[in-house]
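Data block below; observations after.
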Amino acid sequence: MTQSKRTTSFLVLCCSFLSPVAFAIDALGETEFREALRDVGTDLRLMCVAAHPDDEDGATLATYRLEYGYKTFAVISTRGEGGQNEIGPELYNELAVIRTREMKAATDVEGAELHFLNLPEFGYSKSREETYGVWGEETALRRMVHIIRLARPDVIITNHPATGAHGHHQATGHTLQNAFSAAADPSVFPDQIKAGLEAWQPARLYVRARTGGTDIANVDAYRLSEWRGLTYAEIAARALEQHQSQGMGFFIDMYRNRRIQPAYQLVMEAPENGANGNGSIPAPGGALFDGLPDRVSEGERKISESRSDRESLVEPLMKLAKGVAQESNATDRLARVHRAAGIAAQIRLDSYLTDAELIPGQSAGLEVRLIDFKNADARSVTFELTPKPWLKDGTPVQATKEITDSRKAETKLDVTAPATVPLTVPHAEYVFADRFWEPQYTLTARIDTEHGEIALHRPVQFDTAPSVEIGFAGDPYLINDDGSVQYDVILTNHKPGANEGTLVVTAPEGLKIAQTEIPFSFGAEGEQTVLPVRAERTGKSSGVAQDFEVTASIKGSAESRSAMARYIPMSLPENIRVGVIQSYDDTYVLTLERLDVPHSALTVEDFTPDRLDEFTTIIVDIRSYLVRPDLVANNQALLDYVNRGGNLIVSYQKTFEWNSGLAPYPLTVGRGRVTVEDAPISLLQPDHPLFNVPNKIVSTDWNGWKQERGLYFPSRWDDAYTPLLACNDPGDKSLEGSCLYAEYGEGIYFYTALVWYRQIRQLHPGATKIFANMLALGQ
């Protein structure tokens, strides 16, 4: 399975914000106060490790974070770029951006801190050996050890055992079990120790199990949260709702119908409670932590359980803070006490970033405001803006303000993006880069009150963009039969105010650019322009596909982007017109546009005999039976179209989105798939028109597929269907249901479970020729 072209670096720290948040405030309600007070009572940490976004156990994370106050982490091996997308056509890096946003929104609901290991998601895998072949077993272990040493969890849970199920799940579970002890050994990856991390031994590792049995820790996900008014299963369902691209309705209903009961089997345990053996206060609750000591003091636990009103707790919290501040390695504990004290005193920190997208060297104003709503405790405040240690040349800023008679203090701090700041725009280009969507600064308000200093903290994060962003509309491009091609270069101005420059275009031998330097100018930030770049293929055709990569750059800048144009020697059937019943994907429509084939996207009004008969071929897009209720309601109209002589191509549908009555003859969609993208193809009917008209298909036309061969293969079908080819993963039995051809009345019904959309989207030469042959079926 080939991974998409990308940067495979490791995001070391968490993503605290995703899309930059310009305006931020701290809520001061009773719920926020009681939960902040509860947090003071424990210093224990729970980590949930999962392979993909949406694989985390949201119910357990929510329970332990919101019921007991444990600090929780969600660690995700991949960003899900190899998955499907039920809300749009975005795939690969663009899908990774979507799923990263979704995962962050979900962990915000669950209360967990999010980290990614940035391992490649390359589609479904059947074994951990195959997964390690792409990830690298040592690379996966290194990143897992790193995050354990960074987050320092006491208990780790995962849904993934080391064997069975998805290969990514197996590899994640196997890597985690190896990392459990390796993280405690300073001789393992000593470079991490030299960089400042310390060896860390978690106390316990649990793997998801069925309820009942021995050594099982059950999680009461259906307990009502006292301050949220929801069960933790309902909170988990709300978290799953954030994963819109993955269609999580089935699992959301499972939570709401009380059909999911989290339970965990203890699989690994460290001696003497791991690195946490020196605590004396028992854990505040939850079976996963039974018997583990906590690192907090008796005073912290006692005040966390108080039911006194918030005003009466300000002074005790500040007294507690002075004691915690004297202890070593108590930074997080002190921050929790200060946060509770600030909310108790009803002191709120607001901030507003005037520009959430900066170019290197640019500054923006961070408007900060502190408000003392009730107790008149605050006398003055020092605002500090501190760059993260990794941000080279970041500029610290400090300002002290008196609290006015209106009980507030305000100022504006300059936030600077250094010239060396890592870029985040375009998001799809940098989603796998170090420090992607990681806060660059920390805002601290040190408030002088009559009871002592309260320090409140907030991350500050902004997008970073080049002065002029380069993109291509329509990449990759298809070179016309006459050798001509037009690249459409999109330029976006991210510099405040006017901007101008020269676009420089270079091409390899065999492609001549009509104009290699094109001037441009902008009047304001955010403006875009499209510059057409015309080119022509030189020399004679060799009869095989040819690729030409063009590079566009800004003169005098390091910013550049490349796009590919492909020449495919092929023929198209004549006098065709195609209708597409589109789902969330747009590949078929874009490909027909590239091929200059007349086509229309069909709507609910088009399911009439006269309208359907205008088309020589109609394509039912992937999973259209899920997202097009008008298709399901009018399916008989399509079968009648075939009966009258039409050519109907049906792309893969998921097992539970299909019923046999949708096809002209019985056809059952199963769960079989071929995940090895270069699995051998056997033609069962080599003389069939699909492999010969108008393009002769040869064995090399099946080479170089992307990600997989196909999925959700039909498992049973009527004898009226003719299987056209067979394929299988190594060691599996041969599957013959990926291309089923049937004559029905005067027309053709063709069901195909191969992932054509992933291939023709990239203008795969062989797949594009076979697609042209599909359009010719029945002619």
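FYI, nothing fancy with the structure tokens labels: chains A, B, ... in order, residues from 1 per chain, ligands from 1 as they appear.
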
**Study point:** Nearby residues (only C-alpha atoms) at most 10 Å from A:Asp621, same-chain spacing under 3 positions excluded, as a list in words
**Key:**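 So the residues in contact are Val580, Ile581, Gln582, Ser583, Tyr584, Asp585, Asp586, Thr587, Tyr588, Val589, Ile618, Ser624, Tyr625, Arg628, Ile649, Val650, Ser651, Tyr652, Gln653 and Tyr757 of chain A.
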
As a VMD selection string, which residues of stretch 427-539 of chain A does DSSP assign to strand (DSSP E or B)? chain A and resid 441 to 449 452 to 460 463 to 464 468 to 473 477 to 478 484 to 493 499 to 506 511 to 513 517 to 522 528 to 537

* Residue contacts of A:Arg348 (10 Å, only C-alpha atoms) excluding same-chain residues fewer than 3 positions away, as a list in words ->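 Counting only C-alpha atoms, the residues come to Ile25, Asp26, Ala27, Leu28, Gly342, Ile343, Ala345, Arg369, Leu370, Ile371, Asp372, Phe373, Lys408, Ala445 and Leu456 of chain A.
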
Would you write out, as a Markdown table, a table of all residues in stretch 363-468 of chain A that have an atom no more than 12 Å from an atom of stretch 524-548 of chain A, listing for each the closest atom pair and the distance in Å to one decimal, considering only C-alpha atoms and ordering rows by chain and rising residue number?
```
| residue | atom | partner | partner_atom | distance |
| --- | --- | --- | --- | --- |
| A:Ala465 | CA | A:Gly526 | CA | 11.4 |
| A:Pro466 | CA | A:Glu525 | CA | 11.9 |
| A:Ser467 | CA | A:Glu525 | CA | 9.5 |
| A:Val468 | CA | A:Gln528 | CA | 9.5 |
```

Check your understanding: Hey, what's within 7 Å of stretch 32-48 of chain A if we count only C-alpha atoms and toss same-chain stuff fewer than 6 positions away? As a PyMOL selection string, please?
Key -> chain A and resi 56+69-75+153-158+294-296+300-301+304-305+333+336-337+339-340+343-344

Those in stretch 140-299 of chain A with helix (DSSP H, G or I) from DSSP, as a compact mmCIF listing (two decimals) with C-alpha atoms, in the first residue's frame:
```
# COMPACT_ATOMS: atom_id res chain seq x y z
CA ALA A 140 6.81 3.35 15.79
CA LEU A 141 8.46 2.27 19.04
CA ARG A 142 10.60 5.40 19.21
CA ARG A 143 7.57 7.65 18.87
CA MET A 144 5.52 5.66 21.37
CA VAL A 145 8.33 5.75 23.93
CA HIS A 146 8.73 9.47 23.35
CA ILE A 147 5.11 10.25 24.08
CA ILE A 148 5.08 8.06 27.22
CA ARG A 149 8.15 9.88 28.53
CA LEU A 150 6.60 13.22 27.64
CA ALA A 151 3.09 12.66 29.06
CA GLY A 167 -3.10 -4.35 10.95
CA HIS A 168 -2.77 -0.75 12.18
CA HIS A 169 -4.58 -1.77 15.37
CA GLN A 170 -2.31 -4.78 15.83
CA ALA A 171 0.84 -2.72 15.29
CA THR A 172 -0.37 0.00 17.66
CA GLY A 173 -1.14 -2.54 20.40
CA HIS A 174 2.12 -4.44 19.87
CA THR A 175 4.19 -1.25 19.86
CA LEU A 176 2.48 -0.03 23.03
CA GLN A 177 3.24 -3.26 24.89
CA ASN A 178 6.90 -3.02 23.88
CA ALA A 179 7.03 0.65 24.86
CA PHE A 180 5.53 0.03 28.31
CA SER A 181 8.87 -1.14 29.71
CA ALA A 182 11.16 0.46 27.12
CA PRO A 190 19.14 7.74 24.85
CA ASP A 191 18.92 10.76 22.55
CA GLN A 192 15.50 11.46 24.09
CA ILE A 193 17.09 11.51 27.55
CA LYS A 194 19.83 13.85 26.34
CA TYR A 232 -20.33 9.88 30.23
CA ALA A 233 -21.63 7.66 27.43
CA GLU A 234 -23.70 10.61 26.20
CA ILE A 235 -20.60 12.80 26.35
CA ALA A 236 -18.73 10.13 24.35
CA ALA A 237 -21.55 10.13 21.78
CA ARG A 238 -21.17 13.89 21.42
CA ALA A 239 -17.45 13.38 20.88
CA LEU A 240 -18.13 10.81 18.16
CA GLN A 244 -18.43 13.64 10.59
CA SER A 245 -16.18 12.41 7.79
CA GLN A 246 -16.35 8.87 9.16
CA GLY A 249 -23.99 7.07 13.53
CA PHE A 250 -23.97 3.34 14.32
CA PHE A 251 -21.61 3.75 17.29
CA ILE A 252 -23.34 6.93 18.48
CA ASP A 253 -26.60 4.99 18.65
CA MET A 254 -24.81 2.18 20.50
CA TYR A 255 -23.82 4.62 23.25
CA ARG A 256 -27.24 6.20 23.43
CA PRO A 271 6.50 -3.38 40.17
CA GLU A 272 5.83 -0.95 43.03
CA ASN A 273 3.29 1.08 41.04
CA GLY A 274 5.80 2.03 38.38
CA ALA A 275 7.33 5.51 38.57
CA ASN A 276 4.58 6.55 40.98
CA ALA A 287 -11.26 0.66 38.83
CA LEU A 288 -8.33 1.32 36.49
CA PHE A 289 -6.51 3.10 39.33
CA GLU A 298 -3.71 15.53 52.01
CA GLY A 299 -4.54 19.23 51.85
```

Nearest to A:Leu114 among A:Pro573, A:Gly745, A:Pro53, A:Pro714, with distances taken over only C-alpha atoms: which residue is it?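 Of all the options, A:Pro53 lies closest to A:Leu114.
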
**Request:** Give me the residues within 12 Å of A:Asn692 as a list in words, counting only C-alpha atoms and dropping any in the same chain fewer than 4 places off.
**Result:**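 Once the adjacent positions are removed, what remains is Met570, Ser571, Pro573, Leu683, Gln685, Pro686, Asp687, His688, Lys696, Ile697, Val698, Lys769, Ile770, Phe771, Ala772, Asn773, Met774, Ala776 and Leu777 of chain A.
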
Name all residues at most 12 Å from A:Ala409 (count only C-alpha atoms; drop same-chain ones fewer than 3 positions away) and give them as a PDB file with N, CA, C and O atoms, in the first residue's frame.
```pdb
ATOM      1  N   ILE A 347     -12.062  35.811  38.756  1.00  0.00           N
ATOM      2  CA  ILE A 347     -11.127  36.609  37.965  1.00  0.00           C
ATOM      3  C   ILE A 347     -10.990  35.948  36.606  1.00  0.00           C
ATOM      4  O   ILE A 347     -10.684  34.757  36.514  1.00  0.00           O
ATOM      5  N   ARG A 348     -11.223  36.709  35.558  1.00  0.00           N
ATOM      6  CA  ARG A 348     -11.243  36.123  34.220  1.00  0.00           C
ATOM      7  C   ARG A 348     -10.189  36.764  33.329  1.00  0.00           C
ATOM      8  O   ARG A 348     -10.026  37.989  33.312  1.00  0.00           O
ATOM      9  N   LEU A 349      -9.523  35.921  32.569  1.00  0.00           N
ATOM     10  CA  LEU A 349      -8.520  36.363  31.596  1.00  0.00           C
ATOM     11  C   LEU A 349      -9.100  36.210  30.198  1.00  0.00           C
ATOM     12  O   LEU A 349      -9.484  35.118  29.791  1.00  0.00           O
ATOM     13  N   ASP A 350      -9.189  37.312  29.457  1.00  0.00           N
ATOM     14  CA  ASP A 350      -9.648  37.308  28.072  1.00  0.00           C
ATOM     15  C   ASP A 350      -8.481  37.664  27.159  1.00  0.00           C
ATOM     16  O   ASP A 350      -7.585  38.428  27.536  1.00  0.00           O
ATOM     17  N   SER A 351      -8.484  37.136  25.950  1.00  0.00           N
ATOM     18  CA  SER A 351      -7.457  37.520  24.976  1.00  0.00           C
ATOM     19  C   SER A 351      -8.050  37.515  23.582  1.00  0.00           C
ATOM     20  O   SER A 351      -8.967  36.748  23.287  1.00  0.00           O
ATOM     21  N   GLU A 367      -4.642  41.470  22.234  1.00  0.00           N
ATOM     22  CA  GLU A 367      -5.352  42.288  23.198  1.00  0.00           C
ATOM     23  C   GLU A 367      -5.729  41.418  24.397  1.00  0.00           C
ATOM     24  O   GLU A 367      -6.416  40.400  24.242  1.00  0.00           O
ATOM     25  N   VAL A 368      -5.251  41.789  25.570  1.00  0.00           N
ATOM     26  CA  VAL A 368      -5.509  41.000  26.771  1.00  0.00           C
ATOM     27  C   VAL A 368      -6.249  41.859  27.784  1.00  0.00           C
ATOM     28  O   VAL A 368      -6.035  43.082  27.881  1.00  0.00           O
ATOM     29  N   ARG A 369      -7.104  41.190  28.535  1.00  0.00           N
ATOM     30  CA  ARG A 369      -7.920  41.908  29.511  1.00  0.00           C
ATOM     31  C   ARG A 369      -8.146  40.997  30.708  1.00  0.00           C
ATOM     32  O   ARG A 369      -8.505  39.822  30.544  1.00  0.00           O
ATOM     33  N   LEU A 370      -7.939  41.546  31.887  1.00  0.00           N
ATOM     34  CA  LEU A 370      -8.227  40.819  33.115  1.00  0.00           C
ATOM     35  C   LEU A 370      -9.387  41.524  33.815  1.00  0.00           C
ATOM     36  O   LEU A 370      -9.367  42.741  34.002  1.00  0.00           O
ATOM     37  N   ILE A 371     -10.386  40.745  34.217  1.00  0.00           N
ATOM     38  CA  ILE A 371     -11.567  41.293  34.876  1.00  0.00           C
ATOM     39  C   ILE A 371     -11.755  40.603  36.215  1.00  0.00           C
ATOM     40  O   ILE A 371     -11.782  39.367  36.298  1.00  0.00           O
ATOM     41  N   ASP A 372     -11.873  41.407  37.282  1.00  0.00           N
ATOM     42  CA  ASP A 372     -12.203  40.904  38.615  1.00  0.00           C
ATOM     43  C   ASP A 372     -13.693  41.162  38.820  1.00  0.00           C
ATOM     44  O   ASP A 372     -14.118  42.278  39.120  1.00  0.00           O
ATOM     45  N   PHE A 373     -14.497  40.116  38.667  1.00  0.00           N
ATOM     46  CA  PHE A 373     -15.942  40.304  38.608  1.00  0.00           C
ATOM     47  C   PHE A 373     -16.611  40.538  39.955  1.00  0.00           C
ATOM     48  O   PHE A 373     -17.683  41.116  40.014  1.00  0.00           O
ATOM     49  N   ALA A 378      -8.119  41.520  43.178  1.00  0.00           N
ATOM     50  CA  ALA A 378      -6.970  41.825  42.326  1.00  0.00           C
ATOM     51  C   ALA A 378      -6.544  43.276  42.477  1.00  0.00           C
ATOM     52  O   ALA A 378      -7.375  44.187  42.473  1.00  0.00           O
ATOM     53  N   ARG A 379      -5.219  43.500  42.573  1.00  0.00           N
ATOM     54  CA  ARG A 379      -4.696  44.862  42.705  1.00  0.00           C
ATOM     55  C   ARG A 379      -3.919  45.277  41.461  1.00  0.00           C
ATOM     56  O   ARG A 379      -4.040  46.398  40.978  1.00  0.00           O
ATOM     57  N   SER A 380      -3.137  44.369  40.925  1.00  0.00           N
ATOM     58  CA  SER A 380      -2.411  44.633  39.679  1.00  0.00           C
ATOM     59  C   SER A 380      -2.156  43.298  38.995  1.00  0.00           C
ATOM     60  O   SER A 380      -2.327  42.236  39.583  1.00  0.00           O
ATOM     61  N   VAL A 381      -1.741  43.381  37.733  1.00  0.00           N
ATOM     62  CA  VAL A 381      -1.476  42.160  36.979  1.00  0.00           C
ATOM     63  C   VAL A 381      -0.296  42.401  36.049  1.00  0.00           C
ATOM     64  O   VAL A 381      -0.155  43.479  35.459  1.00  0.00           O
ATOM     65  N   THR A 382       0.553  41.396  35.950  1.00  0.00           N
ATOM     66  CA  THR A 382       1.646  41.413  34.976  1.00  0.00           C
ATOM     67  C   THR A 382       1.332  40.394  33.897  1.00  0.00           C
ATOM     68  O   THR A 382       1.177  39.201  34.182  1.00  0.00           O
ATOM     69  N   PHE A 383       1.220  40.887  32.677  1.00  0.00           N
ATOM     70  CA  PHE A 383       0.975  40.005  31.529  1.00  0.00           C
ATOM     71  C   PHE A 383       2.324  39.629  30.914  1.00  0.00           C
ATOM     72  O   PHE A 383       3.147  40.499  30.623  1.00  0.00           O
ATOM     73  N   ALA A 399       4.151  43.259  30.389  1.00  0.00           N
ATOM     74  CA  ALA A 399       3.531  44.548  30.710  1.00  0.00           C
ATOM     75  C   ALA A 399       2.784  44.406  32.024  1.00  0.00           C
ATOM     76  O   ALA A 399       2.058  43.430  32.237  1.00  0.00           O
ATOM     77  N   THR A 400       2.947  45.380  32.928  1.00  0.00           N
ATOM     78  CA  THR A 400       2.260  45.391  34.214  1.00  0.00           C
ATOM     79  C   THR A 400       1.214  46.497  34.218  1.00  0.00           C
ATOM     80  O   THR A 400       1.499  47.642  33.814  1.00  0.00           O
ATOM     81  N   LYS A 401       0.001  46.165  34.679  1.00  0.00           N
ATOM     82  CA  LYS A 401      -1.100  47.119  34.692  1.00  0.00           C
ATOM     83  C   LYS A 401      -1.789  47.081  36.055  1.00  0.00           C
ATOM     84  O   LYS A 401      -1.950  46.023  36.664  1.00  0.00           O
ATOM     85  N   GLU A 402      -2.220  48.265  36.509  1.00  0.00           N
ATOM     86  CA  GLU A 402      -3.011  48.353  37.722  1.00  0.00           C
ATOM     87  C   GLU A 402      -4.458  47.993  37.411  1.00  0.00           C
ATOM     88  O   GLU A 402      -4.948  48.231  36.306  1.00  0.00           O
ATOM     89  N   ILE A 403      -5.140  47.425  38.388  1.00  0.00           N
ATOM     90  CA  ILE A 403      -6.567  47.153  38.245  1.00  0.00           C
ATOM     91  C   ILE A 403      -7.316  48.464  38.455  1.00  0.00           C
ATOM     92  O   ILE A 403      -7.147  49.134  39.476  1.00  0.00           O
ATOM     93  N   THR A 404      -8.118  48.860  37.512  1.00  0.00           N
ATOM     94  CA  THR A 404      -8.832  50.138  37.568  1.00  0.00           C
ATOM     95  C   THR A 404     -10.041  50.047  38.489  1.00  0.00           C
ATOM     96  O   THR A 404     -10.405  48.973  38.981  1.00  0.00           O
ATOM     97  N   ASP A 405     -10.669  51.193  38.700  1.00  0.00           N
ATOM     98  CA  ASP A 405     -11.878  51.217  39.525  1.00  0.00           C
ATOM     99  C   ASP A 405     -12.996  50.379  38.930  1.00  0.00           C
ATOM    100  O   ASP A 405     -13.897  49.942  39.642  1.00  0.00           O
ATOM    101  N   SER A 406     -12.947  50.164  37.632  1.00  0.00           N
ATOM    102  CA  SER A 406     -13.955  49.312  36.987  1.00  0.00           C
ATOM    103  C   SER A 406     -13.589  47.838  37.105  1.00  0.00           C
ATOM    104  O   SER A 406     -14.200  46.987  36.456  1.00  0.00           O
ATOM    105  N   LYS A 412      -2.220  45.708  25.190  1.00  0.00           N
ATOM    106  CA  LYS A 412      -1.987  44.995  23.934  1.00  0.00           C
ATOM    107  C   LYS A 412      -0.522  44.591  23.875  1.00  0.00           C
ATOM    108  O   LYS A 412       0.372  45.426  24.059  1.00  0.00           O
ATOM    109  N   ALA A 445      -0.886  35.502  33.034  1.00  0.00           N
ATOM    110  CA  ALA A 445      -1.307  36.671  33.808  1.00  0.00           C
ATOM    111  C   ALA A 445      -0.960  36.408  35.263  1.00  0.00           C
ATOM    112  O   ALA A 445      -1.513  35.489  35.886  1.00  0.00           O
ATOM    113  N   ARG A 446      -0.019  37.172  35.821  1.00  0.00           N
ATOM    114  CA  ARG A 446       0.358  37.041  37.228  1.00  0.00           C
ATOM    115  C   ARG A 446      -0.366  38.135  38.005  1.00  0.00           C
ATOM    116  O   ARG A 446      -0.029  39.322  37.900  1.00  0.00           O
ATOM    117  N   ILE A 447      -1.353  37.718  38.772  1.00  0.00           N
ATOM    118  CA  ILE A 447      -2.275  38.649  39.400  1.00  0.00           C
ATOM    119  C   ILE A 447      -1.903  38.823  40.867  1.00  0.00           C
ATOM    120  O   ILE A 447      -1.830  37.836  41.624  1.00  0.00           O
TER     121      ILE A 447
END
```
